[in-house]
>>> print(open('upload26.cif').read())   # mmCIF, C-alpha atoms
data_run
#
loop_
_atom_site.label_atom_id
_atom_site.label_comp_id
_atom_site.auth_asym_id
_atom_site.auth_seq_id
_atom_site.Cartn_x
_atom_site.Cartn_y
_atom_site.Cartn_z
CA MET A 671 0.00 0.00 0.00
CA ALA A 672 1.25 3.48 -0.81
CA CYS A 673 0.18 6.91 0.43
CA LEU A 674 0.41 9.77 -2.05
CA LEU A 675 -0.10 13.49 -2.00
CA GLY A 676 1.61 15.81 -4.28
CA LEU A 677 0.09 20.43 -7.58
CA GLY A 678 -0.37 23.89 -9.13
CA PRO A 679 -3.94 25.12 -9.34
CA LEU A 680 -6.04 22.92 -11.62
CA ALA A 681 -6.75 24.94 -14.76
CA VAL A 682 -10.48 24.35 -15.14
CA ASP A 683 -13.30 26.88 -15.41
CA ALA A 684 -16.53 25.85 -13.71
CA SER A 685 -18.35 28.17 -11.39
CA ILE A 686 -21.48 30.21 -11.03
CA VAL A 687 -21.04 32.33 -7.93
CA ARG A 688 -22.94 34.77 -5.80
CA PRO A 689 -21.47 37.83 -4.02
CA PRO A 690 -19.52 37.12 -0.85
CA ARG A 691 -20.46 38.14 2.64
CA ALA A 692 -17.80 39.73 4.80
CA ALA A 693 -15.45 37.33 6.55
CA ALA A 694 -16.30 36.94 10.22
CA ASN A 695 -14.62 35.25 13.16
CA GLY A 696 -11.67 34.22 11.04
CA GLN A 697 -13.84 32.38 8.54
CA ILE A 698 -13.46 32.70 4.79
CA ALA A 699 -16.09 34.81 3.10
CA PRO A 700 -18.32 32.09 1.62
CA TRP A 701 -18.19 32.50 -2.12
CA GLN A 702 -20.31 29.64 -3.34
CA VAL A 703 -20.35 27.56 -6.48
CA VAL A 704 -22.95 25.64 -8.39
CA PHE A 705 -21.31 22.95 -10.50
CA ARG A 706 -22.65 22.82 -14.05
CA PRO A 707 -21.77 20.66 -17.07
CA ARG A 708 -19.00 22.07 -19.24
CA SER A 709 -21.47 22.95 -22.01
CA HIS A 710 -22.77 25.76 -19.80
CA LEU A 711 -19.35 27.24 -19.07
CA HIS A 712 -17.95 28.45 -22.38
CA ASP A 713 -18.37 32.09 -21.37
CA LEU A 714 -16.08 31.69 -18.34
CA HIS A 715 -12.96 30.53 -20.16
CA ALA A 716 -11.41 33.99 -20.34
CA VAL A 717 -11.39 34.43 -16.56
CA LYS A 718 -7.89 34.28 -15.09
CA SER A 719 -7.44 31.77 -12.28
CA ALA A 720 -6.18 34.28 -9.73
CA ALA A 721 -9.25 36.46 -10.35
CA ARG A 722 -11.73 33.69 -9.65
CA PRO A 723 -13.39 33.45 -6.25
CA LEU A 724 -12.61 30.48 -4.07
CA LEU A 725 -15.00 27.69 -4.93
CA LEU A 726 -16.54 27.00 -1.54
CA VAL A 727 -19.04 24.21 -2.10
CA PRO A 728 -21.72 23.92 0.61
CA PHE A 729 -23.30 20.66 1.74
CA ARG A 730 -26.57 21.44 -0.03
CA GLU A 731 -24.74 21.62 -3.37
CA VAL A 732 -22.96 18.34 -2.64
CA ARG A 733 -26.46 16.90 -2.05
CA HIS A 734 -27.69 18.30 -5.40
CA GLU A 735 -30.06 20.58 -3.45
CA GLN A 736 -31.85 17.55 -1.98
CA PRO A 737 -33.41 17.79 1.51
CA ASP A 738 -31.20 17.69 4.58
CA ASP A 739 -29.71 14.30 5.40
CA CYS A 740 -27.16 13.02 7.89
CA LEU A 741 -24.65 12.37 5.08
CA HIS A 742 -24.53 12.08 1.30
CA TYR A 743 -23.59 9.12 -0.88
CA GLU A 744 -23.25 8.95 -4.62
CA LEU A 745 -21.38 7.11 -7.34
CA VAL A 746 -18.32 8.95 -8.64
CA ALA A 747 -19.83 8.75 -12.11
CA VAL A 748 -22.80 10.95 -11.11
CA ARG A 749 -20.69 14.09 -10.77
CA GLY A 750 -18.16 12.81 -13.28
CA ARG A 751 -20.61 12.65 -16.17
CA GLU A 752 -22.19 15.95 -15.15
CA MET A 753 -18.79 17.69 -15.20
CA ASP A 754 -17.27 15.83 -18.17
CA TRP A 755 -15.09 13.95 -15.65
CA THR A 756 -13.19 17.07 -14.56
CA ILE A 757 -13.97 18.62 -11.17
CA PRO A 758 -12.57 22.17 -10.77
CA ALA A 759 -10.50 23.18 -7.79
CA HIS A 760 -12.76 23.87 -4.80
CA ARG A 761 -13.02 23.33 -1.07
CA HIS A 762 -15.58 22.40 1.59
CA GLU A 763 -15.80 23.85 5.08
CA GLY A 764 -16.96 21.50 7.81
CA LEU A 765 -17.17 18.44 5.56
CA HIS A 766 -15.08 15.30 5.15
CA GLN A 767 -15.19 13.32 1.92
CA ILE A 768 -14.11 9.74 1.30
CA GLN A 769 -13.78 8.63 -2.32
CA PHE A 770 -13.18 5.00 -3.24
CA LEU A 771 -12.17 4.14 -6.80
CA GLU A 772 -12.79 0.58 -8.01
CA ARG A 773 -11.86 1.18 -11.64
CA GLY A 774 -10.15 3.91 -13.65
CA ARG A 775 -7.63 6.59 -12.80
CA ILE A 776 -7.64 9.87 -10.89
CA SER A 777 -5.25 12.81 -11.31
CA GLY A 778 -5.33 16.36 -10.01
CA THR A 779 -4.24 18.45 -7.06
CA VAL A 780 -4.79 18.78 -3.32
CA ASP A 781 -3.53 22.01 -1.74
CA GLY A 782 -0.96 22.57 -4.47
CA ARG A 783 0.36 19.00 -4.54
CA ALA A 784 -0.14 16.77 -7.56
CA VAL A 785 -1.99 13.50 -6.95
CA GLN A 786 -2.55 10.62 -9.33
CA ALA A 787 -3.43 6.99 -8.89
CA ASP A 788 -4.88 3.97 -10.61
CA ALA A 789 -7.72 2.08 -8.97
CA PRO A 790 -8.12 0.56 -6.48
CA ALA A 791 -7.48 3.65 -4.38
CA ILE A 792 -9.16 5.51 -1.55
CA LEU A 793 -8.93 9.23 -0.83
CA LEU A 794 -9.76 11.30 2.25
CA ILE A 795 -10.38 15.02 1.70
CA ALA A 796 -10.19 17.03 4.92
CA PRO A 797 -12.18 20.24 5.49
CA GLY A 798 -10.59 23.28 3.87
CA SER A 799 -8.36 21.37 1.45
CA VAL A 800 -8.50 22.89 -2.03
CA HIS A 801 -8.87 19.96 -4.41
CA GLY A 802 -9.63 19.41 -8.07
CA PHE A 803 -9.56 16.19 -10.07
CA HIS A 804 -9.83 14.59 -13.48
CA HIS A 805 -11.12 11.03 -13.74
CA THR A 806 -10.75 8.81 -16.77
CA ARG A 807 -14.06 8.04 -18.42
CA ASP A 808 -13.99 4.40 -17.36
CA THR A 809 -13.82 5.38 -13.69
CA SER A 810 -16.24 3.75 -11.29
CA GLY A 811 -16.39 4.19 -7.56
CA HIS A 812 -18.20 5.73 -4.63
CA GLN A 813 -18.11 8.96 -2.61
CA LEU A 814 -19.23 9.67 0.94
CA THR A 815 -19.63 13.24 2.20
CA ILE A 816 -20.28 13.68 5.91
CA PRO A 817 -20.29 16.74 8.19
CA SER A 818 -17.02 16.85 10.09
CA ALA A 819 -18.81 17.43 13.40
CA THR A 820 -20.79 14.23 12.84
CA LEU A 821 -17.67 12.27 12.01
CA GLN A 822 -15.85 13.64 15.05
CA GLN A 823 -18.79 12.60 17.22
CA LEU A 824 -18.89 9.11 15.73
CA LEU A 825 -15.18 8.65 16.45
CA ALA A 826 -15.20 10.51 19.79
CA GLY A 827 -12.86 9.12 22.41
CA THR A 828 -10.64 7.33 19.89
CA GLN A 829 -7.10 8.21 18.91
CA LEU A 830 -8.29 8.16 15.31
CA ALA A 831 -10.43 11.24 15.91
CA GLU A 832 -7.61 13.09 17.63
CA THR A 833 -4.81 12.44 15.18
CA SER A 834 -5.95 11.42 11.73
CA LEU A 835 -8.77 13.62 10.45
CA GLY A 836 -6.98 16.94 9.91
CA SER A 837 -5.12 16.20 6.67
CA SER A 838 -6.05 14.88 3.24
CA PHE A 839 -4.37 11.73 1.95
CA LEU A 840 -4.57 9.17 -0.85
CA LEU A 841 -3.96 5.45 -0.34
CA THR A 842 -3.09 3.31 -3.36
CA GLU A 843 -2.15 -0.30 -4.03
CA LEU A 844 -4.85 -1.56 -1.68
CA ALA A 845 -4.46 -5.18 -0.64
CA PRO A 846 -7.31 -7.46 -1.79
CA PRO A 847 -8.86 -7.79 1.72
CA ALA A 848 -8.94 -3.99 2.16
CA HIS A 849 -10.34 -3.55 -1.35
CA ALA A 850 -13.07 -6.10 -0.67
CA GLU A 851 -13.99 -4.56 2.68
CA CYS A 852 -14.23 -1.06 1.17
CA ALA A 853 -16.42 -2.36 -1.65
CA THR A 854 -18.72 -4.18 0.79
CA LEU A 855 -19.13 -1.18 3.08
CA PHE A 856 -19.82 1.24 0.24
CA ALA A 857 -22.37 -1.17 -1.23
CA MET A 858 -24.11 -1.26 2.17
CA LEU A 859 -23.96 2.52 2.40
CA GLY A 860 -25.49 2.93 -1.05
CA ARG A 861 -28.37 0.55 -0.29
CA GLU A 862 -29.20 2.30 2.97
CA PHE A 863 -28.88 5.76 1.47
CA HIS A 864 -31.33 5.05 -1.33
CA GLY A 865 -33.66 2.99 0.85
CA HIS A 866 -36.41 3.95 3.25
CA ASP A 867 -36.32 1.14 5.79
CA ALA A 868 -36.75 1.68 9.52
CA GLY A 869 -33.49 2.64 11.21
CA ARG A 870 -32.08 4.18 8.05
CA VAL A 871 -30.14 7.00 9.79
CA PRO A 872 -28.51 4.82 12.47
CA ALA A 873 -27.57 2.30 9.77
CA LEU A 874 -26.03 5.03 7.60
CA LEU A 875 -24.01 6.45 10.48
CA ALA A 876 -22.88 3.00 11.61
CA THR A 877 -21.69 2.15 8.09
CA ALA A 878 -19.96 5.53 7.74
CA THR A 879 -18.19 4.87 11.05
CA LEU A 880 -16.94 1.50 9.82
CA LEU A 881 -15.69 3.10 6.59
CA ALA A 882 -13.89 5.89 8.43
CA VAL A 883 -12.29 3.47 10.89
CA LEU A 884 -11.13 1.20 8.07
CA LEU A 885 -9.63 4.11 6.13
CA LEU A 886 -7.88 5.60 9.14
CA ARG A 887 -6.55 2.19 10.19
CA LEU A 888 -5.14 1.66 6.71
CA HIS A 889 -3.52 5.09 6.83
CA GLY A 890 -2.16 4.41 10.32
CA ALA A 891 -0.68 1.11 9.17
CA TYR A 892 1.01 2.89 6.27
CA ILE A 893 2.45 5.52 8.62
CA GLN A 894 3.68 2.85 11.03
CA LYS A 895 5.37 0.98 8.20
CA THR A 896 7.01 3.88 6.41
CA GLN A 897 7.86 6.55 8.97
CA ALA A 898 10.45 6.65 11.71
CA PRO A 899 9.14 6.23 15.25
CA GLY A 900 9.55 9.93 16.02
CA ALA A 901 7.31 10.95 13.13
CA ARG A 902 4.53 8.79 14.57
CA ASP A 903 4.55 10.67 17.88
CA ALA A 904 0.94 10.75 19.12
CA LEU A 905 1.48 14.05 20.96
CA VAL A 906 2.63 15.73 17.75
CA GLN A 907 -0.38 14.37 15.88
CA ARG A 908 -2.71 15.66 18.59
CA PHE A 909 -0.96 19.03 18.45
CA ARG A 910 -1.48 19.23 14.69
CA ALA A 911 -5.16 18.39 15.10
CA LEU A 912 -5.55 21.09 17.77
CA ALA A 913 -3.66 23.61 15.64
CA GLU A 914 -6.09 22.93 12.81
CA GLN A 915 -8.90 24.22 15.02
CA HIS A 916 -7.11 27.29 16.41
CA PHE A 917 -4.35 28.43 14.03
CA ARG A 918 -6.24 31.59 12.98
CA GLU A 919 -6.35 32.72 16.62
CA HIS A 920 -2.52 33.02 16.88
CA ARG A 921 -2.49 31.30 20.26
CA GLY A 922 0.86 30.88 21.97
CA LEU A 923 2.50 27.56 22.80
CA PRO A 924 1.33 27.69 26.45
CA PHE A 925 -2.27 27.43 25.24
CA TYR A 926 -1.56 24.30 23.19
CA ALA A 927 0.61 22.75 25.88
CA GLN A 928 -2.11 23.29 28.49
CA GLN A 929 -4.76 21.75 26.23
CA LEU A 930 -2.50 18.74 25.65
CA GLY A 931 -1.47 18.37 29.29
CA VAL A 932 2.27 18.93 28.80
CA LYS A 933 4.86 21.66 29.28
CA PRO A 934 5.59 24.00 26.33
CA ASP A 935 9.24 22.87 26.19
CA HIS A 936 8.19 19.23 26.04
CA LEU A 937 5.73 19.95 23.24
CA SER A 938 8.28 21.83 21.16
CA ARG A 939 10.95 19.18 21.78
CA SER A 940 8.57 16.43 20.67
CA CYS A 941 7.70 18.33 17.50
CA ARG A 942 11.35 18.88 16.67
CA ASN A 943 12.22 15.22 17.25
CA ALA A 944 9.34 14.10 15.03
CA THR A 945 9.43 16.67 12.24
CA GLN A 946 12.72 18.61 12.53
CA GLN A 947 10.55 21.68 13.16
CA SER A 948 9.56 23.34 16.41
CA ALA A 949 5.92 23.57 17.48
CA LEU A 950 5.97 27.27 16.59
CA GLN A 951 7.33 26.51 13.12
CA LEU A 952 4.50 24.02 12.56
CA LEU A 953 1.96 26.68 13.53
CA HIS A 954 3.54 29.16 11.13
CA GLU A 955 3.56 26.51 8.40
CA ARG A 956 -0.18 25.98 8.84
CA LEU A 957 -0.84 29.73 8.64
CA MET A 958 1.17 30.00 5.43
CA LEU A 959 -0.71 27.07 3.89
CA GLU A 960 -3.97 28.93 4.45
CA ALA A 961 -2.47 32.14 3.09
CA ARG A 962 -1.31 30.35 -0.07
CA ARG A 963 -4.77 28.83 -0.54
CA LEU A 964 -6.46 32.22 -0.31
CA LEU A 965 -3.96 33.99 -2.54
CA ALA A 966 -4.10 31.31 -5.23
CA TYR A 967 -7.84 30.65 -5.23
CA THR A 968 -9.62 33.85 -4.17
CA PRO A 969 -9.78 37.46 -5.35
CA MET A 970 -9.28 38.69 -1.77
CA SER A 971 -6.89 41.60 -1.38
CA VAL A 972 -3.69 40.97 0.56
CA ALA A 973 -5.19 42.92 3.46
CA GLU A 974 -8.29 40.72 3.42
CA VAL A 975 -6.18 37.57 3.37
CA ALA A 976 -4.17 38.87 6.31
CA ASP A 977 -7.32 39.67 8.28
CA THR A 978 -8.90 36.30 7.51
CA ILE A 979 -6.01 34.41 9.06
CA GLY A 980 -5.67 36.67 12.07
CA TYR A 981 -3.04 39.27 11.12
CA GLN A 982 -4.13 42.76 12.14
CA ASP A 983 -1.28 44.44 10.26
CA PRO A 984 -1.20 43.63 6.51
CA ALA A 985 2.35 44.95 6.22
CA TYR A 986 3.55 42.54 8.91
CA PHE A 987 1.71 39.68 7.19
CA SER A 988 3.36 40.55 3.86
CA LYS A 989 6.79 40.62 5.48
CA PHE A 990 6.17 37.29 7.23
CA PHE A 991 4.83 35.66 4.05
CA THR A 992 7.79 36.89 2.00
CA ARG A 993 10.24 35.53 4.54
CA ALA A 994 8.45 32.16 4.61
CA THR A 995 8.02 31.64 0.85
CA GLY A 996 10.63 33.83 -0.84
CA HIS A 997 7.88 35.76 -2.66
CA SER A 998 5.65 38.64 -1.68
CA PRO A 999 1.91 37.83 -1.53
CA SER A 1000 1.34 39.63 -4.84
CA GLN A 1001 4.25 37.82 -6.50
CA TYR A 1002 3.01 34.48 -5.21
CA ARG A 1003 -0.51 35.16 -6.55
CA ALA A 1004 0.89 36.01 -9.99
CA LEU A 1005 3.06 32.88 -10.08
CA ALA A 1006 0.15 30.70 -8.95
CA ALA A 1007 -2.01 32.15 -11.74
CA GLN A 1008 0.67 31.13 -14.25
CA GLY A 1009 0.88 27.63 -12.79
CA VAL A 1010 4.49 28.15 -11.71
CA LYS A 1011 5.60 25.84 -8.92
CA THR A 1012 6.70 27.90 -5.95
CA PRO A 1013 8.39 27.08 -2.62
CA ARG A 1014 6.04 26.04 0.18
#
>>> encode(input="upload26.cif", output="C-alpha cells")
Amino acid sequence: MACLLGLGPLAVDASIVRPPRAAANGQIAPWQVVFRPRSHLHDLHAVKSAARPLLLVPFREVRHEQPDDCLHYELVAVRGREMDWTIPAHRHEGLHQIQFLERGRISGTVDGRAVQADAPAILLIAPGSVHGFHHTRDTSGHQLTIPSATLQQLLAGTQLAETSLGSSFLLTELAPPAHAECATLFAMLGREFHGHDAGRVPALLATATLLAVLLLRLHGAYIQKTQAPGARDALVQRFRALAEQHFREHRGLPFYAQQLGVKPDHLSRSCRNATQQSALQLLHERLMLEARRLLAYTPMSVAEVADTIGYQDPAYFSKFFTRATGHSPSQYRALAAQGVKTPR
C-alpha cells in the first residue's frame, strides 16, 4: 500500500457564484459555487485563475439541493458525467469526503500538490483542502460526504479522531482484503442511502463509522510501516489536530501545551524530534498554507487575506509571508495564476 499526495492550481473553469459576505470570526467569506456541465461554461474561459473566487461548495450543493440528510452518498460517475469527468479546484468547510475508486484513474491536485493513482485507491479530503480532479471516463467508484462534526462525534474518544482527520491523503495499491472490505461497506452505504427502511439514519451512520475506521486504520498502518518512530509521535499528531482548530487565533505555545497536558518545552521538543521543526514553526507553516490557498484561489486583497487568518497588520503579514516563501503575496498570486511551482 502506498500513500500519495503531491500540484499547481487545476486549470479548469466551472463556477457560477454569488457575491460574498464579509469574513467573520476568522472564517473565509463564503463564495459559493454551483457545479454545471461544461457545455454551460464556455463564457467563463477567459477568466484568469487568480481572479476567480474560491469555490466554496456547501453541503446542499454536494447533495444536489436535496433535503437535509445526515450524510450524502453517490457514485463517482454521477458528478463525473455531469462535469465531463473534470472537477474544478474547490473546497468544503466543515465536511469530510471519502472517495473509493474501483476502476479507472484519478489525477489532479490537493492544496498545491499533484496527486494521481490507478484504482483501487481511496482518498480522504479534509475540510478546507483545495482539491480538483480529473477522472478517466472508465472510472467507477463511490463517494461519501459527511459533516465533520458528525464524524468527530462518531469517532469521539478514539485516537483516530484526535490524530488522523486533519489532513487529506490518498492510499493506493490496496491489498485485496482492504479492497473487498471497502467495496462491501460502500455497497451497504449505497443501499441504505437510497432505501427507506426503519433505522435508516442509524444504519447510515454505523456504516460511515466502519468506513472511516477502516480508512484511518489503513492510513495508520502505512504511517507505522514507512515513517520513523519519532514521526509517529501521538502528541505531535494531537498538536497538529488542535492547531487545525485554532491556528487563525494566533495562540501561543502555552495554550496548546495546556490543552494537551504537557509543558511547552516538552511539546516543542517532541515536534522537533518528530518533524525537525519546532511547534511554533508548525503553527507558522499551517498559517502559510492557508495564506497560499487564499492567494491562489480567491480574489481577496492581501489585506483581506491577512485579516482572515488573524493578522491585524497587513504589512507585517506581507513581510512574514515573503520571509516564509521567498515571494511577496502579490508575487506568489501572480506565479500561482501562471501555474508556476513555488516554494512552500
>>> resolve_selection(input="upload26.cif", expression="the PyMOL selection byres ((chain A and resi 908) around 9)", output="list of chain:residue names")
A:Gln829, A:Glu832, A:Thr833, A:Ser834, A:Asp903, A:Ala904, A:Leu905, A:Val906, A:Gln907, A:Phe909, A:Arg910, A:Ala911, A:Leu912, A:Ala913, A:Leu930
>>> atom_distance(input="upload26.cif", atom1="atom CA of A:Ile795", atom2="atom CA of A:Ile768")
6.5 Å
>>> resolve_selection(input="upload26.cif", expression="the PyMOL selection byres ((chain A and resi 741) around 12)", output="MDAnalysis selection string")
chainID A and resid 729:730 732:733 736:740 742:744 765:768 813:821 859:860 862:864 870:879
>>> resolve_selection(input="upload26.cif", expression="the PyMOL selection byres ((chain A and resi 886) around 10)", output="MDAnalysis selection string")
chainID A and resid 794 830:831 833:835 880:885 887:892
>>> residues_around(input="upload26.cif", residues="A:Ala961", least_positions_apart="6", cutoff="12 Å", atoms="all atoms listed in the file", output="VMD selection string")
chain A and resid 698 781 917 to 918 954 to 955 967 to 968 970 to 981 987 to 988 990 to 992 994 to 995 998 to 1000 1002 to 1003 1014
>>> atom_distance(input="upload26.cif", atom1="atom CA of A:Phe770", atom2="atom CA of A:Arg861")
16.1 Å
>>> atom_distance(input="upload26.cif", atom1="atom CA of A:His812", atom2="atom CA of A:Ala747")
8.2 Å
>>> decode(input="upload26.cif", residues="stretch 855-962 of chain A", atoms="C-alpha atoms", output="CSV table (one decimal), in the first residue's frame")
chain,number,residue,atom,x,y,z
A,855,LEU,CA,-19.1,-1.2,3.1
A,856,PHE,CA,-19.8,1.2,0.2
A,857,ALA,CA,-22.4,-1.2,-1.2
A,858,MET,CA,-24.1,-1.3,2.2
A,859,LEU,CA,-24.0,2.5,2.4
A,860,GLY,CA,-25.5,2.9,-1.1
A,861,ARG,CA,-28.4,0.5,-0.3
A,862,GLU,CA,-29.2,2.3,3.0
A,863,PHE,CA,-28.9,5.8,1.5
A,864,HIS,CA,-31.3,5.1,-1.3
A,865,GLY,CA,-33.7,3.0,0.9
A,866,HIS,CA,-36.4,3.9,3.2
A,867,ASP,CA,-36.3,1.1,5.8
A,868,ALA,CA,-36.8,1.7,9.5
A,869,GLY,CA,-33.5,2.6,11.2
A,870,ARG,CA,-32.1,4.2,8.1
A,871,VAL,CA,-30.1,7.0,9.8
A,872,PRO,CA,-28.5,4.8,12.5
A,873,ALA,CA,-27.6,2.3,9.8
A,874,LEU,CA,-26.0,5.0,7.6
A,875,LEU,CA,-24.0,6.5,10.5
A,876,ALA,CA,-22.9,3.0,11.6
A,877,THR,CA,-21.7,2.1,8.1
A,878,ALA,CA,-20.0,5.5,7.7
A,879,THR,CA,-18.2,4.9,11.1
A,880,LEU,CA,-16.9,1.5,9.8
A,881,LEU,CA,-15.7,3.1,6.6
A,882,ALA,CA,-13.9,5.9,8.4
A,883,VAL,CA,-12.3,3.5,10.9
A,884,LEU,CA,-11.1,1.2,8.1
A,885,LEU,CA,-9.6,4.1,6.1
A,886,LEU,CA,-7.9,5.6,9.1
A,887,ARG,CA,-6.6,2.2,10.2
A,888,LEU,CA,-5.1,1.7,6.7
A,889,HIS,CA,-3.5,5.1,6.8
A,890,GLY,CA,-2.2,4.4,10.3
A,891,ALA,CA,-0.7,1.1,9.2
A,892,TYR,CA,1.0,2.9,6.3
A,893,ILE,CA,2.4,5.5,8.6
A,894,GLN,CA,3.7,2.9,11.0
A,895,LYS,CA,5.4,1.0,8.2
A,896,THR,CA,7.0,3.9,6.4
A,897,GLN,CA,7.9,6.6,9.0
A,898,ALA,CA,10.4,6.7,11.7
A,899,PRO,CA,9.1,6.2,15.3
A,900,GLY,CA,9.5,9.9,16.0
A,901,ALA,CA,7.3,11.0,13.1
A,902,ARG,CA,4.5,8.8,14.6
A,903,ASP,CA,4.5,10.7,17.9
A,904,ALA,CA,0.9,10.8,19.1
A,905,LEU,CA,1.5,14.0,21.0
A,906,VAL,CA,2.6,15.7,17.8
A,907,GLN,CA,-0.4,14.4,15.9
A,908,ARG,CA,-2.7,15.7,18.6
A,909,PHE,CA,-1.0,19.0,18.5
A,910,ARG,CA,-1.5,19.2,14.7
A,911,ALA,CA,-5.2,18.4,15.1
A,912,LEU,CA,-5.6,21.1,17.8
A,913,ALA,CA,-3.7,23.6,15.6
A,914,GLU,CA,-6.1,22.9,12.8
A,915,GLN,CA,-8.9,24.2,15.0
A,916,HIS,CA,-7.1,27.3,16.4
A,917,PHE,CA,-4.4,28.4,14.0
A,918,ARG,CA,-6.2,31.6,13.0
A,919,GLU,CA,-6.3,32.7,16.6
A,920,HIS,CA,-2.5,33.0,16.9
A,921,ARG,CA,-2.5,31.3,20.3
A,922,GLY,CA,0.9,30.9,22.0
A,923,LEU,CA,2.5,27.6,22.8
A,924,PRO,CA,1.3,27.7,26.5
A,925,PHE,CA,-2.3,27.4,25.2
A,926,TYR,CA,-1.6,24.3,23.2
A,927,ALA,CA,0.6,22.7,25.9
A,928,GLN,CA,-2.1,23.3,28.5
A,929,GLN,CA,-4.8,21.7,26.2
A,930,LEU,CA,-2.5,18.7,25.7
A,931,GLY,CA,-1.5,18.4,29.3
A,932,VAL,CA,2.3,18.9,28.8
A,933,LYS,CA,4.9,21.7,29.3
A,934,PRO,CA,5.6,24.0,26.3
A,935,ASP,CA,9.2,22.9,26.2
A,936,HIS,CA,8.2,19.2,26.0
A,937,LEU,CA,5.7,20.0,23.2
A,938,SER,CA,8.3,21.8,21.2
A,939,ARG,CA,11.0,19.2,21.8
A,940,SER,CA,8.6,16.4,20.7
A,941,CYS,CA,7.7,18.3,17.5
A,942,ARG,CA,11.4,18.9,16.7
A,943,ASN,CA,12.2,15.2,17.3
A,944,ALA,CA,9.3,14.1,15.0
A,945,THR,CA,9.4,16.7,12.2
A,946,GLN,CA,12.7,18.6,12.5
A,947,GLN,CA,10.5,21.7,13.2
A,948,SER,CA,9.6,23.3,16.4
A,949,ALA,CA,5.9,23.6,17.5
A,950,LEU,CA,6.0,27.3,16.6
A,951,GLN,CA,7.3,26.5,13.1
A,952,LEU,CA,4.5,24.0,12.6
A,953,LEU,CA,2.0,26.7,13.5
A,954,HIS,CA,3.5,29.2,11.1
A,955,GLU,CA,3.6,26.5,8.4
A,956,ARG,CA,-0.2,26.0,8.8
A,957,LEU,CA,-0.8,29.7,8.6
A,958,MET,CA,1.2,30.0,5.4
A,959,LEU,CA,-0.7,27.1,3.9
A,960,GLU,CA,-4.0,28.9,4.4
A,961,ALA,CA,-2.5,32.1,3.1
A,962,ARG,CA,-1.3,30.4,-0.1
